[in-house]
Amino acid sequence: MFELIQQITNVYGAAGRETAVADLIESLLKDKVDSIRRDAMGNLICEKKGTDPNGKRIMLSSHMDHIGFIVAAVEKEGYLRVAPVGGINLAVSRTRHVCFANGVQGVIVQQPVKAGETPEMKHIFIDIGAADEAEALSMIQLGDIAVYAPDCFRLGQYRVAAPAMDDRVACALQVAVMQELGETKNTVIAVFSTQEEVGCRGARTAAYSVDPDIGIALDVTGHGDTPETKLPSVKLGDGAAVKIMDRGSISNPQLVNDLLAAGERAGVKTQREVLPYGGTDASAMQLSRGGVIAGTISIPCRYVHSACEVIDLRDVEAAKGLLLEYLK
Amino acid sequence: MDLKTICELPGISGREEPVRKAIYTECVVKLGEENVMIDRAGNVIAHKAGKKADAPRVMIAAHMDEVGLMVVSAAEDGLLRVCAIGGVDPRVLVSKRVKVGYGENQIDGVIGAMAIHQQTAEDRKHVLPISQLYVDIGAKDKAEAEAKAPMGTPIVFDTPYTEFGENKVLVKALDDRVACYNMLRLLDCDANCDTWFAFTSQEEVGCRGSEAAAFRINPDIGIALEGTSANDTGNLPECQQVCAQGKGVAISFMDKATIAQPEMFREMIALAQEKGIPHQVKMAVAGGNDSGPMQRAHTGAKTCVLSVPCRYIHSPSTICDLYDVEAQYQLVKAFLEK
Amino acid sequence: MNMEIFDFLKEMACKHGPSGHEYEVAEWFKSKFEPLCDSVTVDRLFNVIAYKKATIPTRDGSPAPKVMLAAHQDEIALMVADILEDGTLRMGTVGGVDPRILPASTVTVHAREAEGGYQKLLGVVGALPPHLQSEADSQRNYQFTELYVDLGLPAEKVKALVQIGDLITLNGPATRLLNDRCASKTMDDRACVGVLLEAAERLQTMGHKCDIYFVATSQEEVGSGGATTAAYAIDPDLGVALDVSHATLPSSRPDTTIPLDAPAVTIGPYVQYKLVNRMRETAKKHGIKLNTETASRRTYTDTDSMQIARCGVPMVLIDVPLKYMHTSVELLDMNVIRESGRLLAHFLNEIDEGWDSELWI
């Protein structure tokens, strides 16, 4: 699993620029599913038909996009002024190594602020080593998006850190599930969605076109097991978290029970999650068309929206076991 | 319809009927009644069939509504308490003239404030919120005010169309009547695409009309036409100007509503270059618009936003440059005829 | 309705139905609508959709206009977010719960929902008492992180019974007050479902040219999810949402409240102004007092999502005045429920094939 996570987190893919991630995943799944298509929003939709013509349509959704910095203007001196794409935390971004889709590298810098002034995005620029505006514009264009540069490494025996762990770890999980999934009664549609970080935009159109009966988002969640953190009451290494509620959606209560029961049958560890913030693709799936039974399976993750998002491989394995059992 | 007429029509969000009627009438004259409808959200939708059966469905959207005020109640002394419809900065309201109500019942009003002589030094620092501003129609008491302007009466800025400076136009409501004006001109173009012109309602209160219009039209490609903030005055560095007047149509890579598909963004720039149409990249991620609902209707569409740079939008005095208005028209025309 | 309104409110307040978990209250409302409608279903999101077919054909044989009426059945609630070492419970919120109402409130913890049926445990919301706080701390309100639910049980028993994600509801049985007034939890917005039932009952004898969908919606308190999907499924030609609105209190600001003794309609961009006028004319014709209020943008009711369902739905919003919203003592005038039901029945009775002529111009 580590190798797969590493492979998928190393690919460039900002929100709205997910094509390279989709290309990689398509190559990993093309022999394992019945059909693969993409839509106008760039979602990758992989369908595996069920044996029962009256079976249900179950949509899984993990998002390929990653928060980033979009180039809005170039200074005469060649520095890039940027705007956030998704929920950027400035405090953890200073002097971070970033990269663009075409391989251009940069460093995020915060200019000095006046005493008492809170640093904002307008105080941030990216240094790409250009001498002036013309050189900068020969390297990148307005509208290009920088992301934290790939850097996936092991942390102790079970843990892995990387930028874009949110939500590529779930993409890896979803790839593994689809690779190992045998024949099923129900049709399973694995959606690798786009633009989740700017408001679950990809999942909305994907859910409309897939028209599922049941939708399960796979995403990371917060943690409550480092100093001075309390909620959610979720711990790394304690298994797959079945979401009961977050700010985006309230999971269907029966689906929560079914997922927990599947975890028990599979003999994997699960935990119950109540998250006082955040949202996942489940929010978009639940309200699609005339309504969908929706829920989320979460991988507990520390330091979400930083360049070192940390997960525990045992939780990913637990989520895989749970999902394979549930889908069976 | 000329730019003067369409900008001077009153039509706050949810009460667009004077604009809707004028636009509907002109669309019917140009395309025939069978190709024009008013939908259940108050949008005017005009259809021009494509030349080929497999031509993509293109939706072009410009919104009819403008920001303004609405009467909430009358005070004992006959002054009208109001609320803002859409994003109105209370700092631009004091000492302005307004039109209260529509049509035959329309009356004049002014927005006053306590004279500077009577304000304390502390008062002068504070922004008066809209809840503390009043529209004065000259009514002598509450009963007269309620009879002339009952709760819910729409109020628009009273800024007549004026050409001034070099190529500039000053008038209310350029956001987004300037694009409605261009879209009415585009009804005559020789489109290859299956084109749906949506004059939308209620953009300023959350892109309501375009949600409904985009669902009905289900486009493959969506283009929102906007009047957007030009921040090119006040001696700011170029990278803070968002976009500048006299430099052509502004093309957006991202705003609060959408990230333009990169292929759409690049195609628009390439097309403008090829046809020699003045254009610029909008250098800010700001504002939402009808592109959001278009991008996410049904199974999704490719979208982009093309704007006329306008100074002081959402205020009584909006300014555009006729050179940029023409550039927006030319770029959309080139796209549809391609 | 057949039941006395107070008895209805009393029974209604006992039904379990936090946002996203409306299954119990949905079944109850279903049973209430069944005798009055042609078909009643509960959908995937627990919306109760009661369909009453037109009883009078349209003059020109055109399809009957479809009208969707929505009032929400879900209630705000709390959820177990964490179980502390000592067996007290930290709370998360389901919908907008004001932490100021919680200290010393009694609540019900719905434990072990997973094993079919659940056990109701009485709890009290505790906090550090003022005697033990600094002067400054006792002058400010408690935050959620300082409040906990005390079940009066040893920690090991709590851990055996309660799980993260179990629901906690406020206790607030219906109390009859002077002058036909009544206080209870969940008046917001089940009292308005009561208005729908009142209207449905009157329509048994009144006749109507429109196809009517009475919907007790779900998840309004967390963003009107139920109304979004129900409106998609029904695809109505026009809609009426009913929700509670703030009644006047001594401290309320001008223009933000309505009198307690009569329903109101909202004026603003999220409703269709000519339909609003139509509603006002209907009220006038039948001697029903109807106030007005304004909303400059969002109405924070099911109106907002219904208006943009599919190709758009012209909307009217009826407001039922209520004091002390989102508490366990939500107070209203029961006569307003009757009068609102009467208004709605007349409005539906008068919707005909020409309802939308010159609607937009």
# chains A, B, ... in the order shown; residues from 1 in each chain; ligands from 1
$ residues_around --residues "stretch 245-262 of chain B" --least-positions-apart "6" --cutoff "6 Å" --atoms "only C-alpha atoms" --output "PyMOL selection string"
(chain A and resi 143) or (chain B and resi 278-282+285-288+292+303-309+324+327-328)
$ write_last_selection --atoms "C-alpha atoms" --output "mmCIF file, in the first residue's frame"
data_model
loop_
_atom_site.group_PDB
_atom_site.id
_atom_site.type_symbol
_atom_site.label_atom_id
_atom_site.label_comp_id
_atom_site.auth_asym_id
_atom_site.auth_seq_id
_atom_site.Cartn_x
_atom_site.Cartn_y
_atom_site.Cartn_z
ATOM 1 C CA GLY A 143 -3.619 31.113 -14.006
ATOM 2 C CA PRO B 278 -8.027 43.560 -27.514
ATOM 3 C CA HIS B 279 -7.970 41.389 -24.393
ATOM 4 C CA GLN B 280 -6.360 41.061 -20.985
ATOM 5 C CA VAL B 281 -6.207 38.412 -18.255
ATOM 6 C CA LYS B 282 -8.200 39.328 -15.138
ATOM 7 C CA VAL B 285 -9.637 35.721 -7.923
ATOM 8 C CA ALA B 286 -12.711 37.679 -6.941
ATOM 9 C CA GLY B 287 -16.450 37.712 -7.391
ATOM 10 C CA GLY B 288 -18.884 34.957 -8.259
ATOM 11 C CA GLY B 292 -20.879 28.583 -11.396
ATOM 12 C CA THR B 303 -17.020 27.500 -18.786
ATOM 13 C CA CYS B 304 -15.240 30.793 -18.855
ATOM 14 C CA VAL B 305 -16.021 34.375 -17.943
ATOM 15 C CA LEU B 306 -15.514 37.350 -20.286
ATOM 16 C CA SER B 307 -15.876 40.752 -18.682
ATOM 17 C CA VAL B 308 -16.024 44.414 -19.524
ATOM 18 C CA PRO B 309 -13.826 46.231 -16.981
ATOM 19 C CA ASP B 324 -13.852 47.320 -24.070
ATOM 20 C CA ALA B 327 -14.036 43.930 -27.549
ATOM 21 C CA GLN B 328 -16.356 41.742 -25.461
#
$ interface_residues --of "chain B" --to "chain C" --cutoff "8 Å" --atoms "only C-alpha atoms" --output "number ranges by chain"
B: 13-15, 17-18, 20-21, 38-42, 70, 72-73, 83-86, 151-152, 202, 205, 208-209, 211-216
$ residues_around --residues "stretch 45-55 of chain B" --least-positions-apart "6" --cutoff "8 Å" --atoms "only C-alpha atoms" --output "list in words"
Cys27, Leu31, Asn35, Val36, Met37, Ile38, Asp39, Leu187, Ala191, Asn192, Cys193, Asp194, Thr195, Trp196, Phe197, Ala198, Phe199 and Ala213 of chain B
$ write_last_selection --atoms "N, CA and C atoms" --output "PDB file, in the first residue's frame"
ATOM      1  N   CYS B  27     -36.010  40.336 -28.205  1.00  0.00           N
ATOM      2  CA  CYS B  27     -35.658  38.965 -28.635  1.00  0.00           C
ATOM      3  C   CYS B  27     -36.723  38.409 -29.576  1.00  0.00           C
ATOM      4  N   LEU B  31     -35.824  37.042 -33.164  1.00  0.00           N
ATOM      5  CA  LEU B  31     -35.758  35.586 -33.367  1.00  0.00           C
ATOM      6  C   LEU B  31     -37.121  34.927 -33.519  1.00  0.00           C
ATOM      7  N   ASN B  35     -38.884  31.051 -30.511  1.00  0.00           N
ATOM      8  CA  ASN B  35     -37.520  30.821 -30.027  1.00  0.00           C
ATOM      9  C   ASN B  35     -37.189  31.568 -28.737  1.00  0.00           C
ATOM     10  N   VAL B  36     -38.198  32.169 -28.133  1.00  0.00           N
ATOM     11  CA  VAL B  36     -37.944  32.958 -26.927  1.00  0.00           C
ATOM     12  C   VAL B  36     -38.923  32.544 -25.838  1.00  0.00           C
ATOM     13  N   MET B  37     -38.439  32.409 -24.616  1.00  0.00           N
ATOM     14  CA  MET B  37     -39.348  32.087 -23.523  1.00  0.00           C
ATOM     15  C   MET B  37     -38.943  32.840 -22.256  1.00  0.00           C
ATOM     16  N   ILE B  38     -39.926  32.977 -21.360  1.00  0.00           N
ATOM     17  CA  ILE B  38     -39.627  33.432 -19.999  1.00  0.00           C
ATOM     18  C   ILE B  38     -39.859  32.216 -19.116  1.00  0.00           C
ATOM     19  N   ASP B  39     -38.841  31.802 -18.377  1.00  0.00           N
ATOM     20  CA  ASP B  39     -38.979  30.552 -17.634  1.00  0.00           C
ATOM     21  C   ASP B  39     -39.530  30.789 -16.227  1.00  0.00           C
ATOM     22  N   LEU B 187     -27.560  38.450 -30.881  1.00  0.00           N
ATOM     23  CA  LEU B 187     -28.677  37.678 -31.436  1.00  0.00           C
ATOM     24  C   LEU B 187     -28.601  37.647 -32.963  1.00  0.00           C
ATOM     25  N   ALA B 191     -24.166  32.336 -35.910  1.00  0.00           N
ATOM     26  CA  ALA B 191     -23.582  31.329 -35.016  1.00  0.00           C
ATOM     27  C   ALA B 191     -23.530  29.947 -35.639  1.00  0.00           C
ATOM     28  N   ASN B 192     -22.417  29.274 -35.421  1.00  0.00           N
ATOM     29  CA  ASN B 192     -22.303  27.873 -35.822  1.00  0.00           C
ATOM     30  C   ASN B 192     -22.846  26.951 -34.742  1.00  0.00           C
ATOM     31  N   CYS B 193     -22.667  27.372 -33.493  1.00  0.00           N
ATOM     32  CA  CYS B 193     -23.069  26.543 -32.351  1.00  0.00           C
ATOM     33  C   CYS B 193     -24.580  26.602 -32.173  1.00  0.00           C
ATOM     34  N   ASP B 194     -25.085  25.636 -31.406  1.00  0.00           N
ATOM     35  CA  ASP B 194     -26.470  25.664 -30.970  1.00  0.00           C
ATOM     36  C   ASP B 194     -26.490  26.617 -29.779  1.00  0.00           C
ATOM     37  N   THR B 195     -26.942  27.832 -29.998  1.00  0.00           N
ATOM     38  CA  THR B 195     -26.684  28.882 -29.008  1.00  0.00           C
ATOM     39  C   THR B 195     -27.929  29.257 -28.211  1.00  0.00           C
ATOM     40  N   TRP B 196     -27.756  29.320 -26.902  1.00  0.00           N
ATOM     41  CA  TRP B 196     -28.833  29.690 -25.983  1.00  0.00           C
ATOM     42  C   TRP B 196     -28.407  30.950 -25.251  1.00  0.00           C
ATOM     43  N   PHE B 197     -29.150  32.018 -25.483  1.00  0.00           N
ATOM     44  CA  PHE B 197     -28.856  33.280 -24.806  1.00  0.00           C
ATOM     45  C   PHE B 197     -29.737  33.370 -23.562  1.00  0.00           C
ATOM     46  N   ALA B 198     -29.111  33.414 -22.407  1.00  0.00           N
ATOM     47  CA  ALA B 198     -29.897  33.493 -21.173  1.00  0.00           C
ATOM     48  C   ALA B 198     -29.691  34.852 -20.518  1.00  0.00           C
ATOM     49  N   PHE B 199     -30.773  35.620 -20.499  1.00  0.00           N
ATOM     50  CA  PHE B 199     -30.764  36.878 -19.748  1.00  0.00           C
ATOM     51  C   PHE B 199     -31.292  36.508 -18.369  1.00  0.00           C
ATOM     52  N   ALA B 213     -31.863  28.361 -15.353  1.00  0.00           N
ATOM     53  CA  ALA B 213     -31.632  28.437 -16.800  1.00  0.00           C
ATOM     54  C   ALA B 213     -30.627  27.372 -17.237  1.00  0.00           C
TER      55      ALA B 213
END
$ select_by_dssp --residues "stretch 172-241 of chain C" --states "helix (DSSP H, G or I)" --output "ChimeraX atom specification"
/C:187-206,220-222,225-234
$ closest_atom_pairs --of "chain B" --to "chain A" --cutoff "6 Å" --atoms "only C-alpha atoms" --output "CSV"
residue,atom,partner,partner_atom,distance
B:Cys239,CA,A:Ala73,CA,5.3
B:Phe253,CA,A:Gly143,CA,5.4
B:Met283,CA,A:Ala72,CA,4.8
B:Ala284,CA,A:Ala72,CA,5.4
B:Arg296,CA,A:Thr205,CA,5.9
B:His298,CA,A:Thr205,CA,6.0
B:Thr299,CA,A:Thr205,CA,4.4
B:Gly300,CA,A:Ala40,CA,5.4
B:Ala301,CA,A:Ala40,CA,5.3
B:Lys302,CA,A:Ala40,CA,5.9
$ write_last_selection --atoms "C-alpha atoms" --output "short mmCIF file (atom, residue, chain, number, x, y, z; two decimals), in the first residue's frame"
data_model
loop_
_atom_site.label_atom_id
_atom_site.label_comp_id
_atom_site.auth_asym_id
_atom_site.auth_seq_id
_atom_site.Cartn_x
_atom_site.Cartn_y
_atom_site.Cartn_z
CA CYS B 239 -0.47 43.76 -10.35
CA PHE B 253 -8.84 31.91 -15.10
CA MET B 283 -5.54 39.43 -12.44
CA ALA B 284 -7.53 38.51 -9.35
CA ARG B 296 -22.16 22.39 -12.55
CA HIS B 298 -26.40 18.24 -14.93
CA THR B 299 -23.16 16.45 -15.79
CA GLY B 300 -21.12 19.64 -16.10
CA ALA B 301 -19.97 22.09 -18.75
CA LYS B 302 -16.79 23.87 -19.74
#
$ residues_around --residues "B:Pro160" --least-positions-apart "2" --cutoff "8 Å" --atoms "only C-alpha atoms" --output "number ranges by chain"
B: 8, 158, 162, 170-172
$ interface_residues --of "chain C" --to "chain A" --cutoff "9 Å" --atoms "only C-alpha atoms" --output "MDAnalysis selection string"
chainID C and resid 19:21 43:45 79:83 92:94 114:115 163:165 219 222:223 225:226 228:234 310
$ select_by_dssp --residues "stretch 135-183 of chain C" --states "strand (DSSP E or B)" --output "list in words"
Tyr148, Val149, Asp150, Leu167, Ile168, Thr169, Leu170, Thr175, Arg176, Arg181, Cys182 and Ala183 of chain C
$ residues_around --residues "B:Val332" --least-positions-apart "3" --cutoff "10 Å" --atoms "only C-alpha atoms" --output "MDAnalysis selection string"
chainID B and resid 60 182:183 186 189 223 225 268 271:272 306 327:329 335:338
$ write_last_selection --atoms "N, CA and C atoms" --output "short mmCIF file (atom, residue, chain, number, x, y, z; two decimals), in the first residue's frame"
data_model
loop_
_atom_site.label_atom_id
_atom_site.label_comp_id
_atom_site.auth_asym_id
_atom_site.auth_seq_id
_atom_site.Cartn_x
_atom_site.Cartn_y
_atom_site.Cartn_z
N ILE B 60 -24.87 31.33 -23.31
CA ILE B 60 -24.25 32.62 -22.98
C ILE B 60 -25.16 33.28 -21.95
N ASN B 182 -24.67 43.80 -25.13
CA ASN B 182 -23.89 43.03 -26.11
C ASN B 182 -24.61 41.76 -26.53
N MET B 183 -25.29 41.12 -25.59
CA MET B 183 -25.96 39.87 -25.92
C MET B 183 -27.11 40.13 -26.89
N LEU B 186 -25.65 40.26 -30.14
CA LEU B 186 -25.18 38.95 -30.60
C LEU B 186 -26.31 38.09 -31.17
N CYS B 189 -25.82 37.45 -34.75
CA CYS B 189 -24.59 36.89 -35.30
C CYS B 189 -24.85 35.58 -36.04
N ILE B 223 -20.66 30.43 -21.22
CA ILE B 223 -19.86 31.65 -21.18
C ILE B 223 -20.65 32.71 -20.43
N LEU B 225 -21.05 36.51 -19.33
CA LEU B 225 -20.61 37.85 -19.72
C LEU B 225 -20.88 38.79 -18.55
N MET B 268 -9.81 30.91 -25.46
CA MET B 268 -10.30 32.29 -25.58
C MET B 268 -9.14 33.24 -25.86
N LEU B 271 -7.95 32.72 -29.42
CA LEU B 271 -8.90 33.26 -30.39
C LEU B 271 -8.78 34.79 -30.48
N ALA B 272 -8.67 35.43 -29.31
CA ALA B 272 -8.53 36.89 -29.29
C ALA B 272 -7.25 37.29 -30.01
N LEU B 306 -16.07 36.25 -19.50
CA LEU B 306 -15.51 37.35 -20.29
C LEU B 306 -16.15 38.64 -19.79
N ALA B 327 -14.93 45.10 -27.59
CA ALA B 327 -14.04 43.93 -27.55
C ALA B 327 -14.77 42.70 -27.01
N GLN B 328 -15.60 42.88 -25.99
CA GLN B 328 -16.36 41.74 -25.46
C GLN B 328 -17.28 41.19 -26.54
N TYR B 329 -17.96 42.10 -27.22
CA TYR B 329 -18.87 41.69 -28.29
C TYR B 329 -18.13 40.92 -29.38
N PHE B 335 -16.20 33.61 -31.24
CA PHE B 335 -16.32 32.25 -30.69
C PHE B 335 -17.53 31.54 -31.28
N LEU B 336 -18.66 32.24 -31.32
CA LEU B 336 -19.89 31.60 -31.80
C LEU B 336 -19.82 31.31 -33.29
N GLU B 337 -19.09 32.12 -34.03
CA GLU B 337 -19.06 31.94 -35.48
C GLU B 337 -17.95 30.99 -35.92
N LYS B 338 -17.18 30.54 -34.95
CA LYS B 338 -16.05 29.67 -35.26
C LYS B 338 -16.55 28.27 -35.64
#
$ atom_distance --atom1 "atom CA of C:Val158" --atom2 "atom CA of C:Gly87"
5.7 Å
$ closest_atom_pairs --of "stretch 5-87 of chain C" --to "stretch 328-341 of chain C" --cutoff "10 Å" --atoms "only C-alpha atoms" --output "tab-separated table"
residue	atom	partner	partner_atom	distance
C:Ile5	CA	C:Met334	CA	7.0
C:Phe6	CA	C:Met334	CA	7.7
C:Leu9	CA	C:Met334	CA	9.4
C:Ala13	CA	C:Ser328	CA	9.8
